[in-house]
Amino acid sequence: MTTTHNLGYPRIGPRRELKRALEAYWSGRIDREALLAEARAVRDARWRDQADAGIDLIPVGDFSLYDHVLDTSALLGCVPPRFSEAGERVDLDTYFRMARGRAPSGDPADACEMTKWFDTNYHYIVPEFAPDQTFRIASETLFDEVVEAQTQGYRVKPVILGPISYLWLGKMKGGADDRLALLDNLLPVYGEILYRLAGLGVDWVQIDEPALVLDLPPAWRAAYEPAYNRLQGRGPKRLLATYFGSLEENLGLACGLPVDGLHLDGVRASELAQAADRLPGYKVLSAGVIDGRNVWRTDLTAQRVRLATLAERIGRERLWLAPSCSLLHVPVDLSQETTLDPELTAWMAFARQKLDEVVVLGRSLREEGGVEALTAATAALTARRESTRVHRADVAARLAALPPDAARRDSPYEMRERVQQEKLHLPPLPTTTIGSFPQTEAIRAARRDWRAGRLDEAGYEDFLRREIERVVRAQEDYGLDVLVHGEPERTDMVEYFGERLDGFAVTAHGWVQSYGSRCVKPPVIWGDVARPRPMTVDWSVYAQSLTERPVKGMLTGPVTILQWSFVRDDLPRADVCRQIALALRDEVGDLERAGIGVIQVDEPAFREGLPLRRAQWGAYLDWAVESFRLATSGVADATQIHTHMCYSEFNDIIEAIAALDADVITIETARSDMELLDAFADFAYPNEIGPGVYDIHSPNVPAPARMEELLRAAARRLGWSRLWVNPDCGLKTRGWPEVEAALRAMVDSARALRAEV
Ligand code: GLN
Ligand code: ZN
């Protein structure tokens, strides 16, 4: 009989219950017991949801109080020495100190690094290894949760991150980077974990090895077979899970490993049939055919056909069904979206609905009915395909009619630079900020009042104008050269545009975990994108009316809007991105016509959009660069285009960064001692650069001497003439006193150095 299972489920709770409990605990408003009780309630509800949906094997160990990679480090006793702890076990506050640097008890220490989980917008805590790293079981959480779920009668399948992916995702601190050498120390602990799970009566364990979808160096590929050979033995059966892409050259390797089953992502890859041919008869094949990365309903009839062929080939009992990956990356429950357009709602499925899809497919393969559900899914998809709202002739016509030079500025940078200087008269080392100013409690309260109808439209706009005036006056007072309006009207740099563009929908509860207690609510792009009216012009024009100095218009770029939204799956991403670019091009043009001479188009997600496999980088970079240029090339030479990117590795994409041809790029560099600029220097990057001179993630006020030192380091690499002076990123998470002190010091540093230039 076909088995249904799930790889992982959202942890945060349908109403972000876990977020609130965590933040209350960190701030001392509730104690440990209260936090753990709330966490348990969330965990129980998740299991119940999955069991109620009819899923056969329910994951355990995918829940987390912060991050599952951090949980793995705790389980394996991999705790950097600065979080010194006395006990045998990693206690709760040590765990939180690793994640965030501080916790209600224990000494603060530098938090562990955090980075993106593959190509998702979820961030994991990077494991930190010492060259002589040892491992031991140092957390009972996994085993406790298994017992907890079993006690409630669930048939559980514990989930653990596999040893090779775990090492791959970590970082060696001090000493040569030979993480793979740690495998010898690590495997016995994995053996012990499996042994203990067997002792709990578990029959299946899911071992995640997503590293198998990457371009792995030969030594890493070669490590798989001996490692999994060493993990053989009695104990639970093992399902090796891969997701987010195709295995390609690793497919044979994965099929041959001594495990009892293999899970493949059947949405982003199409290797199920190949795997069916290569898997030995004693192994199960888990087909991940429900998209765990997007919010669209699945064409169940089409999938049923595909699965029936597979089932015929390998036998129904060897075919398992699941979502393509953990459902962590989609919102919890669509039934909460009571205010969303019903036509759109009918096209979507969130985590809870995706479980229903898995179960329906399973039933139909077992021929236990469910035909109505298949028909309903197909009908919904037909309705979506045939909806007259999705495709717009005007959008298509405009894209088709774009002149060949639409993505090119009129003149090369050297000429633009001269005209811009004549117009803007900026001093050497011009100072600016990245856009946002503190989102104070007063701003949030006004927004809440306005949404609740306690403050009318006019009252809210008045409030925002006063906020903008305050930000403009403050910047003049600090002596900044290029000002911003401060973005008080935006909750989020993508949602703001999602609310204003045609073809986008925003949800009320569609939260997805980004890291720890932080969640984002990505807009949904469901149809052709167009801009019905200007989105930001009034605010920028108002800010400009208050000052003689140039005010920088502030937009989010097409790649970042795409990257941080759920994107329609009936059109290539490249095409959706071009549509967004054209909408932004109109906004850029309107800003210019309204007298805004400097316009910033933020692209913090430019690098994270890179495909997992290098072979696909070129195609991505081509359309990503083209989209940015489409958005920004419609202006006169005298209009200065800025872009901004947060902390990124630029080395391997510097050519594409240069091809954006922004007049000025600001980047996050303070924490890297300007080393990130090497890529720009080596490439002889031609345009202007504002390397961030202080870290905005910390409340500390930067010392002027430190900023001057960083600017000298930047000038050694790039010369003085093309440098700008700015913070690393926007200031929205900071308080006014820090912002004032930091920006005054920053302006002083720039002024002091101007004498040298
Ligand atoms: N303009 C945005 C801000 O200042 C940029 C944010 C970002 O780069 N993530 O907040
Ligand atoms: Zn940034």
# chains A, B, ... in the order shown; residues from 1 in each chain; ligands from 1
$ select_by_dssp --residues "stretch 327-556 of chain A" --states "strand (DSSP E)" --output "PDB file with C-alpha atoms, in the first residue's frame"
ATOM      1  CA  ASP A 502      -1.624  44.703 -10.162  1.00  0.00           C
ATOM      2  CA  GLY A 503      -1.083  40.961 -10.364  1.00  0.00           C
ATOM      3  CA  PHE A 504      -0.074  40.760  -6.679  1.00  0.00           C
ATOM      4  CA  ALA A 505      -2.083  39.705  -3.639  1.00  0.00           C
ATOM      5  CA  VAL A 512       6.721  32.107   6.851  1.00  0.00           C
ATOM      6  CA  GLN A 513       9.621  31.691   9.258  1.00  0.00           C
ATOM      7  CA  SER A 514      12.711  33.607   8.204  1.00  0.00           C
ATOM      8  CA  TYR A 515      14.882  32.964  11.253  1.00  0.00           C
ATOM      9  CA  ARG A 518      11.232  36.371  12.693  1.00  0.00           C
ATOM     10  CA  CYS A 519       8.665  35.763   9.994  1.00  0.00           C
ATOM     11  CA  VAL A 520       7.966  37.346   6.634  1.00  0.00           C
ATOM     12  CA  VAL A 524       1.690  36.288  -4.013  1.00  0.00           C
ATOM     13  CA  ILE A 525       2.247  37.101  -7.679  1.00  0.00           C
ATOM     14  CA  TRP A 526      -0.691  35.514  -9.472  1.00  0.00           C
ATOM     15  CA  GLY A 527      -1.067  37.450 -12.711  1.00  0.00           C
ATOM     16  CA  ASP A 528       0.575  39.809 -15.152  1.00  0.00           C
ATOM     17  CA  VAL A 529       2.167  42.699 -13.317  1.00  0.00           C
ATOM     18  CA  ALA A 530       1.366  46.317 -13.979  1.00  0.00           C
ATOM     19  CA  LYS A 552      16.939  60.095  -3.096  1.00  0.00           C
ATOM     20  CA  GLY A 553      13.836  58.241  -4.339  1.00  0.00           C
ATOM     21  CA  MET A 554      13.598  54.738  -2.894  1.00  0.00           C
ATOM     22  CA  LEU A 555      12.363  51.618  -4.686  1.00  0.00           C
ATOM     23  CA  THR A 556      12.770  47.881  -4.286  1.00  0.00           C
TER      24      THR A 556
END
$ residues_near_ligand --ligand "ligand 1" --cutoff "7 Å" --atoms "only C-alpha atoms and all ligand atoms" --output "list in words"
Ile434, Gly435, Ser436, Met493, Met554, Asp602, Pro604, His644, Met645, Cys646, Cys729, Gly730, Leu731 and Lys732 of chain A
$ write_last_selection --atoms "C-alpha atoms" --output "PDB file, in the first residue's frame"
ATOM      1  CA  ILE A 434      20.404  53.484   2.707  1.00  0.00           C
ATOM      2  CA  GLY A 435      16.810  54.633   3.060  1.00  0.00           C
ATOM      3  CA  SER A 436      14.926  53.703   6.195  1.00  0.00           C
ATOM      4  CA  MET A 493      10.186  46.707   1.366  1.00  0.00           C
ATOM      5  CA  MET A 554      13.598  54.738  -2.894  1.00  0.00           C
ATOM      6  CA  ASP A 602      17.460  48.185  -3.828  1.00  0.00           C
ATOM      7  CA  PRO A 604      19.505  42.945  -1.553  1.00  0.00           C
ATOM      8  CA  HIS A 644      22.026  48.727  -2.645  1.00  0.00           C
ATOM      9  CA  MET A 645      22.950  45.176  -1.707  1.00  0.00           C
ATOM     10  CA  CYS A 646      23.353  43.720   1.750  1.00  0.00           C
ATOM     11  CA  CYS A 729      22.094  49.141   5.465  1.00  0.00           C
ATOM     12  CA  GLY A 730      18.814  50.814   6.439  1.00  0.00           C
ATOM     13  CA  LEU A 731      18.283  52.150   9.961  1.00  0.00           C
ATOM     14  CA  LYS A 732      14.745  50.973  10.596  1.00  0.00           C
TER      15      LYS A 732
END
$ residues_around --residues "stretch 444-449 of chain A" --least-positions-apart "4" --cutoff "9 Å" --atoms "only C-alpha atoms" --output "list of chain:residue names"
A:Gln439, A:Thr440, A:Gly453, A:Arg454, A:Leu455, A:Asp456, A:Tyr460, A:Phe463, A:Leu464, A:Glu489, A:Thr491
$ write_last_selection --atoms "N, CA and C atoms" --output "PDB file, in the first residue's frame"
ATOM      1  N   GLN A 439      11.881  52.813  12.663  1.00  0.00           N
ATOM      2  CA  GLN A 439      10.434  52.537  12.682  1.00  0.00           C
ATOM      3  C   GLN A 439      10.067  52.538  14.163  1.00  0.00           C
ATOM      4  N   THR A 440       9.686  53.706  14.647  1.00  0.00           N
ATOM      5  CA  THR A 440       9.460  53.873  16.088  1.00  0.00           C
ATOM      6  C   THR A 440       8.130  53.257  16.500  1.00  0.00           C
ATOM      7  N   GLY A 453      -9.086  51.677  11.761  1.00  0.00           N
ATOM      8  CA  GLY A 453     -10.103  52.692  11.518  1.00  0.00           C
ATOM      9  C   GLY A 453     -10.182  53.748  12.616  1.00  0.00           C
ATOM     10  N   ARG A 454      -9.255  53.700  13.574  1.00  0.00           N
ATOM     11  CA  ARG A 454      -9.277  54.712  14.631  1.00  0.00           C
ATOM     12  C   ARG A 454      -8.665  56.033  14.170  1.00  0.00           C
ATOM     13  N   LEU A 455      -7.864  55.932  13.084  1.00  0.00           N
ATOM     14  CA  LEU A 455      -7.228  57.128  12.523  1.00  0.00           C
ATOM     15  C   LEU A 455      -7.615  57.147  11.051  1.00  0.00           C
ATOM     16  N   ASP A 456      -8.152  58.285  10.574  1.00  0.00           N
ATOM     17  CA  ASP A 456      -8.599  58.264   9.173  1.00  0.00           C
ATOM     18  C   ASP A 456      -7.409  58.482   8.229  1.00  0.00           C
ATOM     19  N   TYR A 460      -3.642  59.846   9.045  1.00  0.00           N
ATOM     20  CA  TYR A 460      -2.458  58.995   8.902  1.00  0.00           C
ATOM     21  C   TYR A 460      -1.442  59.661   7.971  1.00  0.00           C
ATOM     22  N   PHE A 463       0.305  62.353   9.701  1.00  0.00           N
ATOM     23  CA  PHE A 463       1.300  61.800  10.618  1.00  0.00           C
ATOM     24  C   PHE A 463       2.577  61.437   9.854  1.00  0.00           C
ATOM     25  N   LEU A 464       2.400  60.776   8.704  1.00  0.00           N
ATOM     26  CA  LEU A 464       3.573  60.353   7.926  1.00  0.00           C
ATOM     27  C   LEU A 464       4.348  61.575   7.420  1.00  0.00           C
ATOM     28  N   GLU A 489       6.254  54.950   5.710  1.00  0.00           N
ATOM     29  CA  GLU A 489       4.985  54.406   5.205  1.00  0.00           C
ATOM     30  C   GLU A 489       5.090  52.927   4.872  1.00  0.00           C
ATOM     31  N   THR A 491       5.832  48.920   5.713  1.00  0.00           N
ATOM     32  CA  THR A 491       6.045  47.887   6.729  1.00  0.00           C
ATOM     33  C   THR A 491       7.186  47.001   6.286  1.00  0.00           C
TER      34      THR A 491
END
$ atom_distance --atom1 "atom CA of A:Glu740" --atom2 "atom CA of A:Ala109"
26.6 Å
$ residues_around --residues "stretch 131-140 of chain A" --least-positions-apart "4" --cutoff "8 Å" --atoms "only C-alpha atoms" --output "list in words"
Ala74, Leu75, Leu76, Gly77, Cys78, Glu88, Arg89, Val90, Asp144, Met172, Lys173, Gly174, Gly175, Ala176, Asp178, Arg179, Leu182, Asn185, Leu186, Val189 and Ile193 of chain A
$ residues_around --residues "A:Ala99" --least-positions-apart "4" --cutoff "8 Å" --atoms "only C-alpha atoms" --output "PDB file with C-alpha atoms, in the first residue's frame"
ATOM      1  CA  TYR A  66      14.847  28.408  16.820  1.00  0.00           C
ATOM      2  CA  LEU A  70      21.071  24.596  15.643  1.00  0.00           C
ATOM      3  CA  TYR A  95      20.938  27.177  22.936  1.00  0.00           C
ATOM      4  CA  ALA A 111      26.080  34.791  18.402  1.00  0.00           C
ATOM      5  CA  CYS A 112      26.868  32.088  15.875  1.00  0.00           C
ATOM      6  CA  ILE A 125      22.583  28.883  12.424  1.00  0.00           C
ATOM      7  CA  GLY A 516      14.171  32.279  14.921  1.00  0.00           C
TER       8      GLY A 516
END
$ residues_around --residues "A:Leu711" --least-positions-apart "5" --cutoff "10 Å" --atoms "only C-alpha atoms" --output "ChimeraX atom specification"
/A:429,670,673-674,690-693,705-706,716-717,719-720,723-725,749-750,753
$ residues_around --residues "A:Ala241" --least-positions-apart "2" --cutoff "6 Å" --atoms "only C-alpha atoms" --output "ChimeraX atom specification"
/A:207-209,262-263
$ write_last_selection --atoms "C-alpha atoms" --output "short mmCIF file (atom, residue, chain, number, x, y, z; two decimals), in the first residue's frame"
data_model
loop_
_atom_site.label_atom_id
_atom_site.label_comp_id
_atom_site.auth_asym_id
_atom_site.auth_seq_id
_atom_site.Cartn_x
_atom_site.Cartn_y
_atom_site.Cartn_z
CA ILE A 207 17.88 11.41 7.19
CA ASP A 208 18.09 14.67 5.26
CA GLU A 209 21.00 15.01 2.86
CA LEU A 262 15.11 7.64 -1.14
CA HIS A 263 13.04 10.81 -1.25
#
$ atom_distance --atom1 "atom CA of A:Phe628" --atom2 "atom CA of A:Pro403"
15.9 Å
$ closest_residue --among "A:Val757, A:Val205, A:Leu257, A:Thr301" --to "A:Tyr228" --atoms "only C-alpha atoms"
A:Leu257
$ atom_distance --atom1 "atom CA of A:Gly557" --atom2 "atom CA of A:Leu480"
24.3 Å
$ closest_residue --among "A:Val567, A:Val472, A:Ala615, A:Ala605" --to "ligand 2" --atoms "only C-alpha atoms and all ligand atoms"
A:Ala605
$ closest_residue --among "A:Ala715, A:Ala211, A:Ala103, A:Ile696" --to "ligand 2" --atoms "only C-alpha atoms and all ligand atoms"
A:Ile696
$ select_by_dssp --residues "stretch 485-672 of chain A" --states "alpha helix (DSSP H)" --output "PyMOL selection string"
chain A and resi 495-498+537-545+558-563+573-593+617-632+654-659
$ closest_residue --among "A:Arg470, A:Arg366, A:Lys157, A:Arg221" --to "A:Ala254" --atoms "only C-alpha atoms"
A:Arg221
